[in-house]
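Data file: input24.pdb. Format and content: PDB, C-alpha atoms.
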```pdb
ATOM      1  CA  MET A   1      -2.380 -31.977  18.430
ATOM      2  CA  SER A   2      -4.039 -30.209  21.348
ATOM      3  CA  SER A   3      -2.070 -27.463  23.087
ATOM      4  CA  ILE A   4      -4.662 -27.176  25.864
ATOM      5  CA  GLN A   5      -3.025 -27.852  29.212
ATOM      6  CA  HIS A   6      -5.975 -28.028  31.585
ATOM      7  CA  PRO A   7      -8.433 -30.951  31.422
ATOM      8  CA  VAL A   8     -12.045 -30.902  30.324
ATOM      9  CA  LEU A   9     -14.186 -31.564  33.409
ATOM     10  CA  VAL A  10     -16.907 -34.123  32.621
ATOM     11  CA  ILE A  11     -19.495 -34.056  35.411
ATOM     12  CA  GLY A  12     -21.544 -37.233  35.278
ATOM     13  CA  GLY A  13     -18.775 -38.831  33.278
ATOM     14  CA  SER A  14     -19.194 -42.148  35.063
ATOM     15  CA  GLY A  15     -22.707 -42.593  33.632
ATOM     16  CA  VAL A  16     -23.495 -44.540  30.464
ATOM     17  CA  VAL A  17     -23.516 -41.583  28.073
ATOM     18  CA  GLY A  18     -21.028 -39.438  29.978
ATOM     19  CA  ALA A  19     -18.432 -42.211  29.911
ATOM     20  CA  GLN A  20     -18.895 -42.672  26.166
ATOM     21  CA  ALA A  21     -18.614 -38.928  25.622
ATOM     22  CA  ALA A  22     -15.367 -38.782  27.568
ATOM     23  CA  ALA A  23     -14.061 -41.697  25.513
ATOM     24  CA  MET A  24     -15.165 -39.982  22.298
ATOM     25  CA  ILE A  25     -13.363 -36.777  23.249
ATOM     26  CA  ARG A  26     -10.212 -38.791  23.903
ATOM     27  CA  ARG A  27     -10.636 -40.610  20.595
ATOM     28  CA  LEU A  28     -10.978 -37.397  18.603
ATOM     29  CA  HIS A  29      -8.296 -35.544  20.575
ATOM     30  CA  PRO A  30      -5.958 -38.026  22.310
ATOM     31  CA  ASN A  31      -3.797 -35.278  23.781
ATOM     32  CA  LEU A  32      -6.668 -33.326  25.317
ATOM     33  CA  PRO A  33      -6.697 -34.042  29.064
ATOM     34  CA  VAL A  34      -9.999 -35.099  30.639
ATOM     35  CA  THR A  35     -11.161 -35.368  34.246
ATOM     36  CA  ILE A  36     -14.141 -37.564  35.176
ATOM     37  CA  ALA A  37     -16.206 -36.177  38.059
ATOM     38  CA  GLY A  38     -19.233 -37.411  39.958
ATOM     39  CA  ARG A  39     -20.786 -37.824  43.366
ATOM     40  CA  ASP A  40     -19.418 -41.362  43.625
ATOM     41  CA  LEU A  41     -15.648 -41.109  43.403
ATOM     42  CA  ALA A  42     -15.219 -44.888  43.115
ATOM     43  CA  LYS A  43     -17.437 -45.012  40.009
ATOM     44  CA  ALA A  44     -15.700 -41.988  38.506
ATOM     45  CA  GLN A  45     -12.302 -43.547  39.209
ATOM     46  CA  ALA A  46     -13.317 -46.816  37.554
ATOM     47  CA  VAL A  47     -14.214 -44.996  34.312
ATOM     48  CA  ALA A  48     -11.146 -42.762  34.542
ATOM     49  CA  ASP A  49      -8.838 -45.754  34.934
ATOM     50  CA  LYS A  50     -10.193 -47.292  31.720
ATOM     51  CA  LEU A  51      -9.536 -44.056  29.838
ATOM     52  CA  GLY A  52      -6.214 -43.293  31.497
ATOM     53  CA  VAL A  53      -7.440 -39.965  32.904
ATOM     54  CA  GLU A  54      -7.974 -38.365  36.307
ATOM     55  CA  ALA A  55     -11.052 -38.605  38.537
ATOM     56  CA  LEU A  56     -12.506 -36.282  41.161
ATOM     57  CA  ALA A  57     -15.540 -36.190  43.418
ATOM     58  CA  ALA A  58     -17.938 -33.349  42.567
ATOM     59  CA  ASP A  59     -21.062 -32.028  44.275
ATOM     60  CA  LEU A  60     -23.358 -29.824  42.184
ATOM     61  CA  SER A  61     -25.091 -28.502  45.308
ATOM     62  CA  LYS A  62     -21.923 -26.629  46.296
ATOM     63  CA  PRO A  63     -20.942 -23.347  44.583
ATOM     64  CA  ASP A  64     -17.356 -24.582  44.190
ATOM     65  CA  LEU A  65     -18.624 -28.057  43.199
ATOM     66  CA  GLY A  66     -16.678 -29.430  46.164
ATOM     67  CA  LEU A  67     -13.500 -29.329  44.082
ATOM     68  CA  PRO A  68     -10.032 -28.397  45.365
ATOM     69  CA  GLU A  69      -9.251 -24.695  44.999
ATOM     70  CA  THR A  70      -6.084 -25.421  43.081
ATOM     71  CA  VAL A  71      -7.590 -27.385  40.193
ATOM     72  CA  ARG A  72      -8.025 -25.738  36.810
ATOM     73  CA  PHE A  73     -10.032 -26.861  33.787
ATOM     74  CA  SER A  74     -10.427 -25.866  30.135
ATOM     75  CA  ALA A  75     -14.191 -26.547  29.942
ATOM     76  CA  VAL A  76     -17.083 -27.981  31.957
ATOM     77  CA  ILE A  77     -19.495 -30.556  30.493
ATOM     78  CA  VAL A  78     -22.538 -31.529  32.561
ATOM     79  CA  PHE A  79     -24.409 -34.800  31.934
ATOM     80  CA  VAL A  80     -26.805 -34.552  34.867
ATOM     81  CA  LYS A  81     -29.455 -31.939  35.625
ATOM     82  CA  ASP A  82     -27.840 -29.120  37.566
ATOM     83  CA  ASP A  83     -30.765 -27.848  39.628
ATOM     84  CA  TRP A  84     -28.536 -25.291  41.347
ATOM     85  CA  GLY A  85     -26.811 -23.830  38.285
ATOM     86  CA  ASN A  86     -23.510 -24.135  40.116
ATOM     87  CA  ALA A  87     -21.615 -25.805  37.277
ATOM     88  CA  LEU A  88     -22.345 -22.832  35.046
ATOM     89  CA  ARG A  89     -21.427 -20.419  37.828
ATOM     90  CA  PHE A  90     -18.152 -22.319  38.255
ATOM     91  CA  ALA A  91     -17.425 -22.092  34.525
ATOM     92  CA  GLN A  92     -18.187 -18.371  34.492
ATOM     93  CA  GLN A  93     -15.934 -17.721  37.469
ATOM     94  CA  HIS A  94     -13.093 -19.507  35.707
ATOM     95  CA  ARG A  95     -14.011 -18.036  32.290
ATOM     96  CA  ILE A  96     -14.163 -21.399  30.536
ATOM     97  CA  PRO A  97     -16.826 -22.915  28.245
ATOM     98  CA  HIS A  98     -19.848 -24.632  29.774
ATOM     99  CA  LEU A  99     -21.878 -27.252  27.926
ATOM    100  CA  SER A 100     -25.079 -28.893  29.170
ATOM    101  CA  VAL A 101     -27.264 -31.621  27.677
ATOM    102  CA  SER A 102     -30.108 -32.215  30.154
ATOM    103  CA  SER A 103     -32.539 -29.303  29.822
ATOM    104  CA  GLY A 104     -35.931 -29.301  28.159
ATOM    105  CA  ALA A 105     -37.055 -26.219  26.245
ATOM    106  CA  PHE A 106     -39.050 -25.112  29.302
ATOM    107  CA  GLU A 107     -35.971 -25.290  31.585
ATOM    108  CA  ILE A 108     -33.314 -23.142  29.940
ATOM    109  CA  GLY A 109     -34.267 -20.072  31.966
ATOM    110  CA  ILE A 110     -31.719 -20.998  34.642
ATOM    111  CA  GLU A 111     -28.837 -21.015  32.177
ATOM    112  CA  ALA A 112     -30.144 -17.973  30.318
ATOM    113  CA  ALA A 113     -30.447 -15.989  33.563
ATOM    114  CA  ARG A 114     -26.893 -16.785  34.643
ATOM    115  CA  PHE A 115     -25.628 -15.801  31.208
ATOM    116  CA  ILE A 116     -27.601 -12.534  31.190
ATOM    117  CA  HIS A 117     -26.064 -11.540  34.509
ATOM    118  CA  ALA A 118     -22.525 -12.365  33.346
ATOM    119  CA  PRO A 119     -22.525 -12.143  29.536
ATOM    120  CA  GLN A 120     -18.776 -11.594  29.237
ATOM    121  CA  ALA A 121     -17.740 -14.407  31.550
ATOM    122  CA  ALA A 122     -17.758 -17.561  29.424
ATOM    123  CA  PRO A 123     -19.140 -19.351  26.364
ATOM    124  CA  VAL A 124     -22.351 -21.179  27.316
ATOM    125  CA  VAL A 125     -23.458 -23.932  24.919
ATOM    126  CA  LEU A 126     -27.030 -25.205  25.277
ATOM    127  CA  ALA A 127     -26.695 -28.678  23.770
ATOM    128  CA  SER A 128     -29.908 -30.308  24.980
ATOM    129  CA  GLN A 129     -31.173 -30.961  21.469
ATOM    130  CA  TRP A 130     -32.208 -34.569  20.843
ATOM    131  CA  LEU A 131     -29.080 -36.701  21.330
ATOM    132  CA  ALA A 132     -27.027 -33.472  21.330
ATOM    133  CA  GLY A 133     -27.953 -32.735  17.704
ATOM    134  CA  ALA A 134     -28.304 -36.152  16.036
ATOM    135  CA  ALA A 135     -31.688 -35.261  14.498
ATOM    136  CA  LEU A 136     -31.190 -31.504  14.271
ATOM    137  CA  PHE A 137     -28.089 -31.418  12.073
ATOM    138  CA  PRO A 138     -29.404 -33.845   9.438
ATOM    139  CA  THR A 139     -32.648 -31.834   9.290
ATOM    140  CA  LEU A 140     -30.720 -28.599   8.762
ATOM    141  CA  GLU A 141     -28.601 -30.187   6.033
ATOM    142  CA  TYR A 142     -31.641 -31.608   4.217
ATOM    143  CA  ALA A 143     -33.421 -28.258   4.537
ATOM    144  CA  ARG A 144     -30.765 -26.627   2.351
ATOM    145  CA  ALA A 145     -32.405 -28.171  -0.715
ATOM    146  CA  PHE A 146     -35.531 -26.079  -0.114
ATOM    147  CA  ARG A 147     -36.209 -22.495  -1.151
ATOM    148  CA  SER A 148     -39.057 -22.277   1.347
ATOM    149  CA  ILE A 149     -40.349 -24.746   3.941
ATOM    150  CA  GLU A 150     -43.941 -25.197   4.973
ATOM    151  CA  ARG A 151     -43.611 -28.050   7.437
ATOM    152  CA  ILE A 152     -40.934 -30.005   9.314
ATOM    153  CA  HIS A 153     -41.812 -33.136  11.217
ATOM    154  CA  VAL A 154     -39.190 -35.060  13.144
ATOM    155  CA  GLY A 155     -40.095 -38.424  14.638
ATOM    156  CA  VAL A 156     -37.571 -40.233  16.793
ATOM    157  CA  LEU A 157     -37.603 -43.647  18.415
ATOM    158  CA  LEU A 158     -35.865 -44.479  21.667
ATOM    159  CA  ASP A 159     -35.807 -48.218  22.237
ATOM    160  CA  GLN A 160     -37.187 -49.340  25.592
ATOM    161  CA  GLU A 161     -33.890 -51.091  26.292
ATOM    162  CA  ASP A 162     -31.827 -48.023  25.351
ATOM    163  CA  MET A 163     -32.625 -45.513  28.084
ATOM    164  CA  GLY A 164     -29.060 -45.465  29.373
ATOM    165  CA  GLY A 165     -28.301 -44.724  33.024
ATOM    166  CA  GLN A 166     -30.193 -43.177  35.907
ATOM    167  CA  ALA A 167     -29.429 -39.604  34.835
ATOM    168  CA  ALA A 168     -30.935 -40.206  31.384
ATOM    169  CA  LEU A 169     -34.003 -41.807  32.944
ATOM    170  CA  ALA A 170     -34.403 -38.853  35.307
ATOM    171  CA  ASP A 171     -34.180 -36.426  32.367
ATOM    172  CA  TYR A 172     -36.768 -38.392  30.391
ATOM    173  CA  GLU A 173     -39.213 -38.578  33.291
ATOM    174  CA  ARG A 174     -38.767 -34.917  34.215
ATOM    175  CA  ILE A 175     -39.147 -33.560  30.698
ATOM    176  CA  THR A 176     -42.123 -35.762  29.798
ATOM    177  CA  GLN A 177     -43.907 -35.362  33.149
ATOM    178  CA  ALA A 178     -42.880 -32.058  34.747
ATOM    179  CA  GLY A 179     -43.174 -30.365  31.377
ATOM    180  CA  SER A 180     -46.655 -31.625  30.637
ATOM    181  CA  ALA A 181     -46.890 -29.657  27.380
ATOM    182  CA  ALA A 182     -44.548 -29.896  24.396
ATOM    183  CA  LEU A 183     -43.269 -26.972  22.349
ATOM    184  CA  THR A 184     -44.301 -26.898  18.686
ATOM    185  CA  LEU A 185     -44.598 -24.330  15.910
ATOM    186  CA  LYS A 186     -48.073 -23.961  14.405
ATOM    187  CA  ASP A 187     -48.626 -21.599  11.481
ATOM    188  CA  GLY A 188     -45.579 -19.597  12.526
ATOM    189  CA  ARG A 189     -46.576 -19.328  16.192
ATOM    190  CA  PHE A 190     -44.922 -21.181  19.041
ATOM    191  CA  ALA A 191     -47.462 -23.284  20.891
ATOM    192  CA  TRP A 192     -47.367 -25.674  23.846
ATOM    193  CA  ILE A 193     -49.571 -28.711  23.258
ATOM    194  CA  ALA A 194     -50.741 -31.445  25.603
ATOM    195  CA  GLY A 195     -53.367 -34.152  25.998
ATOM    196  CA  GLU A 196     -55.015 -35.525  22.894
ATOM    197  CA  GLU A 197     -53.376 -32.937  20.647
ATOM    198  CA  ALA A 198     -49.966 -34.205  21.694
ATOM    199  CA  GLN A 199     -50.715 -37.829  20.798
ATOM    200  CA  ALA A 200     -49.173 -39.070  17.564
ATOM    201  CA  ARG A 201     -48.152 -42.091  15.534
ATOM    202  CA  TYR A 202     -44.598 -42.927  14.522
ATOM    203  CA  ARG A 203     -43.826 -45.086  11.484
ATOM    204  CA  SER A 204     -40.642 -46.999  12.188
ATOM    205  CA  VAL A 205     -38.033 -47.565   9.500
ATOM    206  CA  ASP A 206     -39.431 -51.072   8.903
ATOM    207  CA  GLY A 207     -42.931 -49.664   8.317
ATOM    208  CA  VAL A 208     -44.412 -50.633  11.696
ATOM    209  CA  ASP A 209     -46.772 -48.007  13.124
ATOM    210  CA  LEU A 210     -46.175 -47.153  16.806
ATOM    211  CA  PRO A 211     -47.720 -44.804  19.377
ATOM    212  CA  ALA A 212     -45.819 -41.592  20.024
ATOM    213  CA  ALA A 213     -46.253 -38.224  21.674
ATOM    214  CA  ALA A 214     -45.111 -34.675  21.029
ATOM    215  CA  TYR A 215     -41.779 -33.877  22.613
ATOM    216  CA  GLY A 216     -40.246 -30.439  23.129
ATOM    217  CA  PRO A 217     -36.440 -30.488  22.904
ATOM    218  CA  LEU A 218     -34.396 -27.467  21.897
ATOM    219  CA  ASP A 219     -34.500 -28.753  18.296
ATOM    220  CA  VAL A 220     -37.827 -26.955  17.824
ATOM    221  CA  LEU A 221     -36.256 -23.610  18.699
ATOM    222  CA  SER A 222     -33.183 -24.236  16.552
ATOM    223  CA  LEU A 223     -35.206 -25.344  13.530
ATOM    224  CA  ALA A 224     -37.671 -22.476  13.815
ATOM    225  CA  THR A 225     -34.963 -19.829  13.774
ATOM    226  CA  ALA A 226     -32.828 -21.537  11.120
ATOM    227  CA  THR A 227     -35.488 -22.466   8.541
ATOM    228  CA  ASP A 228     -38.481 -20.102   8.902
ATOM    229  CA  ALA A 229     -40.753 -23.145   8.558
ATOM    230  CA  LYS A 230     -44.400 -22.438   9.377
ATOM    231  CA  HIS A 231     -45.054 -25.738  11.142
ATOM    232  CA  ILE A 232     -42.592 -27.761  13.225
ATOM    233  CA  ARG A 233     -43.368 -30.754  15.356
ATOM    234  CA  PHE A 234     -41.114 -33.247  17.130
ATOM    235  CA  ASP A 235     -42.577 -36.609  18.223
ATOM    236  CA  LEU A 236     -41.003 -39.290  20.398
ATOM    237  CA  ALA A 237     -41.822 -43.001  20.401
ATOM    238  CA  PHE A 238     -40.525 -45.039  23.333
ATOM    239  CA  ASP A 239     -40.932 -48.544  21.984
ATOM    240  CA  VAL A 240     -39.178 -51.424  20.235
ATOM    241  CA  SER A 241     -36.807 -50.433  17.436
ATOM    242  CA  ALA A 242     -36.962 -52.071  14.015
ATOM    243  CA  SER A 243     -33.644 -53.796  14.578
ATOM    244  CA  ARG A 244     -34.833 -55.414  17.804
ATOM    245  CA  ARG A 245     -38.047 -56.564  16.127
ATOM    246  CA  ALA A 246     -35.785 -58.332  13.639
ATOM    247  CA  GLY A 247     -33.957 -60.129  16.447
ATOM    248  CA  GLU A 248     -30.924 -57.836  16.498
ATOM    249  CA  PRO A 249     -29.682 -55.443  19.228
ATOM    250  CA  PHE A 250     -31.584 -52.187  19.750
ATOM    251  CA  SER A 251     -30.938 -49.180  17.540
ATOM    252  CA  THR A 252     -32.064 -45.571  17.559
ATOM    253  CA  GLU A 253     -34.068 -44.015  14.728
ATOM    254  CA  SER A 254     -34.907 -40.556  13.410
ATOM    255  CA  VAL A 255     -37.416 -40.032  10.598
ATOM    256  CA  ILE A 256     -37.382 -36.513   9.141
ATOM    257  CA  ALA A 257     -40.096 -35.193   6.815
ATOM    258  CA  ILE A 258     -39.800 -31.797   5.110
ATOM    259  CA  GLU A 259     -42.554 -30.240   3.009
ATOM    260  CA  GLY A 260     -41.852 -27.184   0.911
ATOM    261  CA  VAL A 261     -40.595 -25.732  -2.363
ATOM    262  CA  LEU A 262     -37.216 -26.762  -3.762
ATOM    263  CA  HIS A 263     -34.846 -24.249  -5.289
ATOM    264  CA  SER A 264     -36.061 -25.574  -8.662
ATOM    265  CA  GLY A 265     -39.589 -24.389  -7.819
ATOM    266  CA  GLU A 266     -40.999 -27.898  -7.382
ATOM    267  CA  ARG A 267     -43.215 -28.487  -4.346
ATOM    268  CA  VAL A 268     -42.320 -31.751  -2.604
ATOM    269  CA  THR A 269     -42.417 -33.682   0.625
ATOM    270  CA  ARG A 270     -39.204 -35.532   1.306
ATOM    271  CA  THR A 271     -38.621 -38.092   4.028
ATOM    272  CA  TYR A 272     -35.268 -39.161   5.396
ATOM    273  CA  GLU A 273     -34.184 -41.805   7.897
ATOM    274  CA  VAL A 274     -31.177 -41.796  10.210
ATOM    275  CA  VAL A 275     -30.353 -44.948  12.179
ATOM    276  CA  HIS A 276     -27.522 -45.814  14.512
ATOM    277  CA  PRO A 277     -27.261 -49.568  15.119
ATOM    278  CA  GLN A 278     -25.810 -49.109  18.614
ATOM    279  CA  GLY A 279     -28.536 -46.861  19.974
ATOM    280  CA  GLN A 280     -28.603 -43.360  21.377
ATOM    281  CA  ALA A 281     -25.450 -43.236  23.517
ATOM    282  CA  PRO A 282     -22.830 -43.135  20.707
ATOM    283  CA  LEU A 283     -24.659 -40.303  18.948
ATOM    284  CA  THR A 284     -25.070 -38.265  22.123
ATOM    285  CA  ALA A 285     -21.423 -38.814  22.974
ATOM    286  CA  LEU A 286     -20.370 -37.706  19.501
ATOM    287  CA  GLY A 287     -22.524 -34.574  19.631
ATOM    288  CA  VAL A 288     -21.023 -33.548  22.959
ATOM    289  CA  ALA A 289     -17.497 -34.223  21.701
ATOM    290  CA  LEU A 290     -18.072 -32.107  18.574
ATOM    291  CA  ALA A 291     -19.495 -29.212  20.589
ATOM    292  CA  THR A 292     -16.577 -29.438  23.019
ATOM    293  CA  GLU A 293     -13.904 -29.412  20.318
ATOM    294  CA  ARG A 294     -15.607 -26.437  18.697
ATOM    295  CA  ALA A 295     -15.855 -24.525  21.975
ATOM    296  CA  LEU A 296     -12.159 -25.050  22.613
ATOM    297  CA  GLY A 297     -11.147 -24.119  19.068
ATOM    298  CA  LEU A 298      -9.878 -27.617  18.239
ATOM    299  CA  ALA A 299     -11.995 -27.822  15.072
ATOM    300  CA  GLY A 300     -14.129 -25.481  12.962
ATOM    301  CA  GLY A 301     -12.573 -22.186  13.999
ATOM    302  CA  GLU A 302     -11.108 -20.293  16.926
ATOM    303  CA  ALA A 303     -12.145 -20.945  20.496
ATOM    304  CA  LEU A 304     -15.551 -19.488  21.264
ATOM    305  CA  LYS A 305     -15.777 -16.039  22.765
ATOM    306  CA  PRO A 306     -18.172 -15.454  25.686
ATOM    307  CA  GLY A 307     -21.732 -15.856  24.454
ATOM    308  CA  LEU A 308     -24.855 -18.008  24.522
ATOM    309  CA  TYR A 309     -24.826 -20.672  21.812
ATOM    310  CA  PHE A 310     -26.769 -23.559  20.334
ATOM    311  CA  PRO A 311     -24.550 -26.216  18.692
ATOM    312  CA  ASP A 312     -26.071 -25.449  15.279
ATOM    313  CA  SER A 313     -24.847 -21.869  15.537
ATOM    314  CA  ILE A 314     -21.227 -22.996  15.872
ATOM    315  CA  ILE A 315     -20.931 -26.293  13.935
ATOM    316  CA  GLU A 316     -21.472 -26.824  10.205
ATOM    317  CA  PRO A 317     -24.134 -29.481   9.502
ATOM    318  CA  ALA A 318     -22.038 -31.116   6.771
ATOM    319  CA  TYR A 319     -19.143 -31.629   9.185
ATOM    320  CA  TYR A 320     -21.428 -32.973  11.886
ATOM    321  CA  ILE A 321     -23.072 -35.434   9.471
ATOM    322  CA  ALA A 322     -19.706 -36.610   8.124
ATOM    323  CA  ARG A 323     -18.709 -37.428  11.695
ATOM    324  CA  MET A 324     -22.024 -39.215  12.307
ATOM    325  CA  LYS A 325     -21.387 -41.431   9.285
ATOM    326  CA  GLU A 326     -17.797 -42.016  10.351
ATOM    327  CA  PHE A 327     -19.041 -43.303  13.711
ATOM    328  CA  GLY A 328     -21.726 -45.612  12.415
ATOM    329  CA  ALA A 329     -24.899 -43.653  11.568
ATOM    330  CA  VAL A 330     -26.758 -44.796   8.434
ATOM    331  CA  PHE A 331     -28.599 -42.213   6.296
ATOM    332  CA  THR A 332     -31.404 -43.062   3.844
ATOM    333  CA  GLU A 333     -33.728 -40.948   1.733
ATOM    334  CA  ALA A 334     -36.974 -42.856   2.208
ATOM    335  CA  ASN A 335     -38.947 -41.132  -0.525
ATOM    336  CA  ALA A 336     -39.263 -37.942  -2.535
ATOM    337  CA  ASN A 337     -42.822 -37.066  -3.528
ATOM    338  CA  GLY A 338     -43.783 -34.197  -5.734
TER     339      GLY A 338
END
```
Using the file provided, produce a representation of the structure as structure tokens.
Amino acid sequence: MSSIQHPVLVIGGSGVVGAQAAAMIRRLHPNLPVTIAGRDLAKAQAVADKLGVEALAADLSKPDLGLPETVRFSAVIVFVKDDWGNALRFAQQHRIPHLSVSSGAFEIGIEAARFIHAPQAAPVVLASQWLAGAALFPTLEYARAFRSIERIHVGVLLDQEDMGGQAALADYERITQAGSAALTLKDGRFAWIAGEEAQARYRSVDGVDLPAAAYGPLDVLSLATATDAKHIRFDLAFDVSASRRAGEPFSTESVIAIEGVLHSGERVTRTYEVVHPQGQAPLTALGVALATERALGLAGGEALKPGLYFPDSIIEPAYYIARMKEFGAVFTEANANG
């Protein structure tokens, strides 16, 4: 049972993913209060009424977020791009955790700069990995079987009908267009690739070959520091998922390939598939909920002290994967080649 008195502030909580994340937090911790906030109070109130929580209007362009001076929160979660950095400033001023999910690898300078200037103010969790960790944590867990890793390739598929709301679309367009190059790791060196070099093919879980392109989420940084792999690449296909080709609703897919030497000394390439039959939103919502409960000390250890964190530095992969399975993700080892 939660003993936290002040609500978690979910900015953008009236959007498709934000609303599911708020619901997931309530599902995991029914006694943890939540406040839905957004520019449109009517939309925020509609979501809040369904969850039985409070709603407020919030404006990221204002240093105080346009919130009443008297309100207090236990954490701030941001589901839209905060171009001003005011949500983080607000969290630092109130010394509460801040969690964001909308930044590409080339954009985290804003959050890093605010943290550097106030390192003792608040825990800052950079959770903009793909679907808040839905590909990262399985990759880290599978990597444990290897003594050394030569190459990691993660291919993900976002169904064309599964973009979510306007905030998700804005993130996708900004990261794929404003950041014209994607971060990769090539022979141990970080490299930004674009143009023809960034083009790729993605083999869906039903064997269909689809066009894809290199993508640069924070997963690349997390995997590089956690595994010491020499080559890491993350590709994104925005196309029709295998389930929809079969006449079913859209799903979301991750295909993970790891090449290296097992602890037994055998050199192998292993491929794994992770599918959620309801698409990207439930996985993103779960990842945010797990990072929030960890930040507040509701699972996995004490509440986080002030610091700059990735989710994989504070959550155990096995726990994360168990939760993914509990909430509908399907895991398959596609092959194991020596």
Taking the file above as input, evaluate the PyMOL selection byres ((chain A and resi 286) around 12) and report the hits as a VMD selection string. chain A and resid 17 to 28 127 131 to 134 276 280 to 285 287 to 293 320 to 329
Export of prior selection with C-alpha atoms as an mmCIF file, in the coordinates of the input:
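Generated file (part27.cif):
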```
data_model
loop_
_atom_site.group_PDB
_atom_site.id
_atom_site.type_symbol
_atom_site.label_atom_id
_atom_site.label_comp_id
_atom_site.auth_asym_id
_atom_site.auth_seq_id
_atom_site.Cartn_x
_atom_site.Cartn_y
_atom_site.Cartn_z
ATOM 1 C CA VAL A 17 -23.516 -41.583 28.073
ATOM 2 C CA GLY A 18 -21.028 -39.438 29.978
ATOM 3 C CA ALA A 19 -18.432 -42.211 29.911
ATOM 4 C CA GLN A 20 -18.895 -42.672 26.166
ATOM 5 C CA ALA A 21 -18.614 -38.928 25.622
ATOM 6 C CA ALA A 22 -15.367 -38.782 27.568
ATOM 7 C CA ALA A 23 -14.061 -41.697 25.513
ATOM 8 C CA MET A 24 -15.165 -39.982 22.298
ATOM 9 C CA ILE A 25 -13.363 -36.777 23.249
ATOM 10 C CA ARG A 26 -10.212 -38.791 23.903
ATOM 11 C CA ARG A 27 -10.636 -40.610 20.595
ATOM 12 C CA LEU A 28 -10.978 -37.397 18.603
ATOM 13 C CA ALA A 127 -26.695 -28.678 23.770
ATOM 14 C CA LEU A 131 -29.080 -36.701 21.330
ATOM 15 C CA ALA A 132 -27.027 -33.472 21.330
ATOM 16 C CA GLY A 133 -27.953 -32.735 17.704
ATOM 17 C CA ALA A 134 -28.304 -36.152 16.036
ATOM 18 C CA HIS A 276 -27.522 -45.814 14.512
ATOM 19 C CA GLN A 280 -28.603 -43.360 21.377
ATOM 20 C CA ALA A 281 -25.450 -43.236 23.517
ATOM 21 C CA PRO A 282 -22.830 -43.135 20.707
ATOM 22 C CA LEU A 283 -24.659 -40.303 18.948
ATOM 23 C CA THR A 284 -25.070 -38.265 22.123
ATOM 24 C CA ALA A 285 -21.423 -38.814 22.974
ATOM 25 C CA GLY A 287 -22.524 -34.574 19.631
ATOM 26 C CA VAL A 288 -21.023 -33.548 22.959
ATOM 27 C CA ALA A 289 -17.497 -34.223 21.701
ATOM 28 C CA LEU A 290 -18.072 -32.107 18.574
ATOM 29 C CA ALA A 291 -19.495 -29.212 20.589
ATOM 30 C CA THR A 292 -16.577 -29.438 23.019
ATOM 31 C CA GLU A 293 -13.904 -29.412 20.318
ATOM 32 C CA TYR A 320 -21.428 -32.973 11.886
ATOM 33 C CA ILE A 321 -23.072 -35.434 9.471
ATOM 34 C CA ALA A 322 -19.706 -36.610 8.124
ATOM 35 C CA ARG A 323 -18.709 -37.428 11.695
ATOM 36 C CA MET A 324 -22.024 -39.215 12.307
ATOM 37 C CA LYS A 325 -21.387 -41.431 9.285
ATOM 38 C CA GLU A 326 -17.797 -42.016 10.351
ATOM 39 C CA PHE A 327 -19.041 -43.303 13.711
ATOM 40 C CA GLY A 328 -21.726 -45.612 12.415
ATOM 41 C CA ALA A 329 -24.899 -43.653 11.568
#
```
If you measure from CA of Glu273 in chain A to CA of Ala105 in chain A, what distance in Å do you get, rounded to one decimal?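 Going from CA of Glu273 in chain A over to CA of Ala105 in chain A, I get 24.2 Å.
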What's around range 244-252 of chain A at 8 Å? Count all atoms listed in the file, leave out sequence neighbours fewer than 2 positions away in its own chain, and write the answer as a short mmCIF file (atom, residue, chain, number, x, y, z; two decimals) with C-alpha atoms, in the frame of the given file.
```
data_model
loop_
_atom_site.label_atom_id
_atom_site.label_comp_id
_atom_site.auth_asym_id
_atom_site.auth_seq_id
_atom_site.Cartn_x
_atom_site.Cartn_y
_atom_site.Cartn_z
CA VAL A 156 -37.57 -40.23 16.79
CA LEU A 157 -37.60 -43.65 18.42
CA LEU A 158 -35.86 -44.48 21.67
CA ASP A 159 -35.81 -48.22 22.24
CA GLU A 161 -33.89 -51.09 26.29
CA ASP A 162 -31.83 -48.02 25.35
CA VAL A 240 -39.18 -51.42 20.24
CA SER A 241 -36.81 -50.43 17.44
CA ALA A 242 -36.96 -52.07 14.02
CA SER A 254 -34.91 -40.56 13.41
CA VAL A 275 -30.35 -44.95 12.18
CA HIS A 276 -27.52 -45.81 14.51
CA PRO A 277 -27.26 -49.57 15.12
CA GLN A 278 -25.81 -49.11 18.61
CA GLY A 279 -28.54 -46.86 19.97
CA GLN A 280 -28.60 -43.36 21.38
#
```
If you apply the PyMOL selection byres ((chain A and resi 258-263) around 10) to this file, what residues do you get, as an MDAnalysis selection string? chainID A and resid 139 142:154 229 231:232 256:257 264:272 336:338
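One finds CA of Ala168 in chain A at 22.5 Å from CA of Pro97 in chain A.
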Of the residues A:Ala226, A:Ala334, A:Ala295, A:Val76, which is the one nearest to Leu136 in chain A, using all atoms listed in the file?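 Selected residue with least distance to Leu136 in chain A: A:Ala226.
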Give me the box for range 59-73 of chain A as AutoDock Vina command-line options, namely the centre and edge lengths in Å to one decimal of a box along x, y and z that holds every listed atom plus 4 Å on each side.
```
--center_x -15.6 --center_y -27.7 --center_z 40.0 --size_x 27.0 --size_y 16.7 --size_z 20.5
```
Pairwise distance, CA of Tyr309 in chain A with CA of Val124 in chain A, equals 6.1 Å
Compile the contact shell of Arg114 in chain A as a VMD selection string: residues with an atom at most 9 Å away, counting all atoms listed in the file, same-chain residues fewer than 2 positions apart removed. chain A and resid 85 88 to 89 92 109 to 112 116 to 119
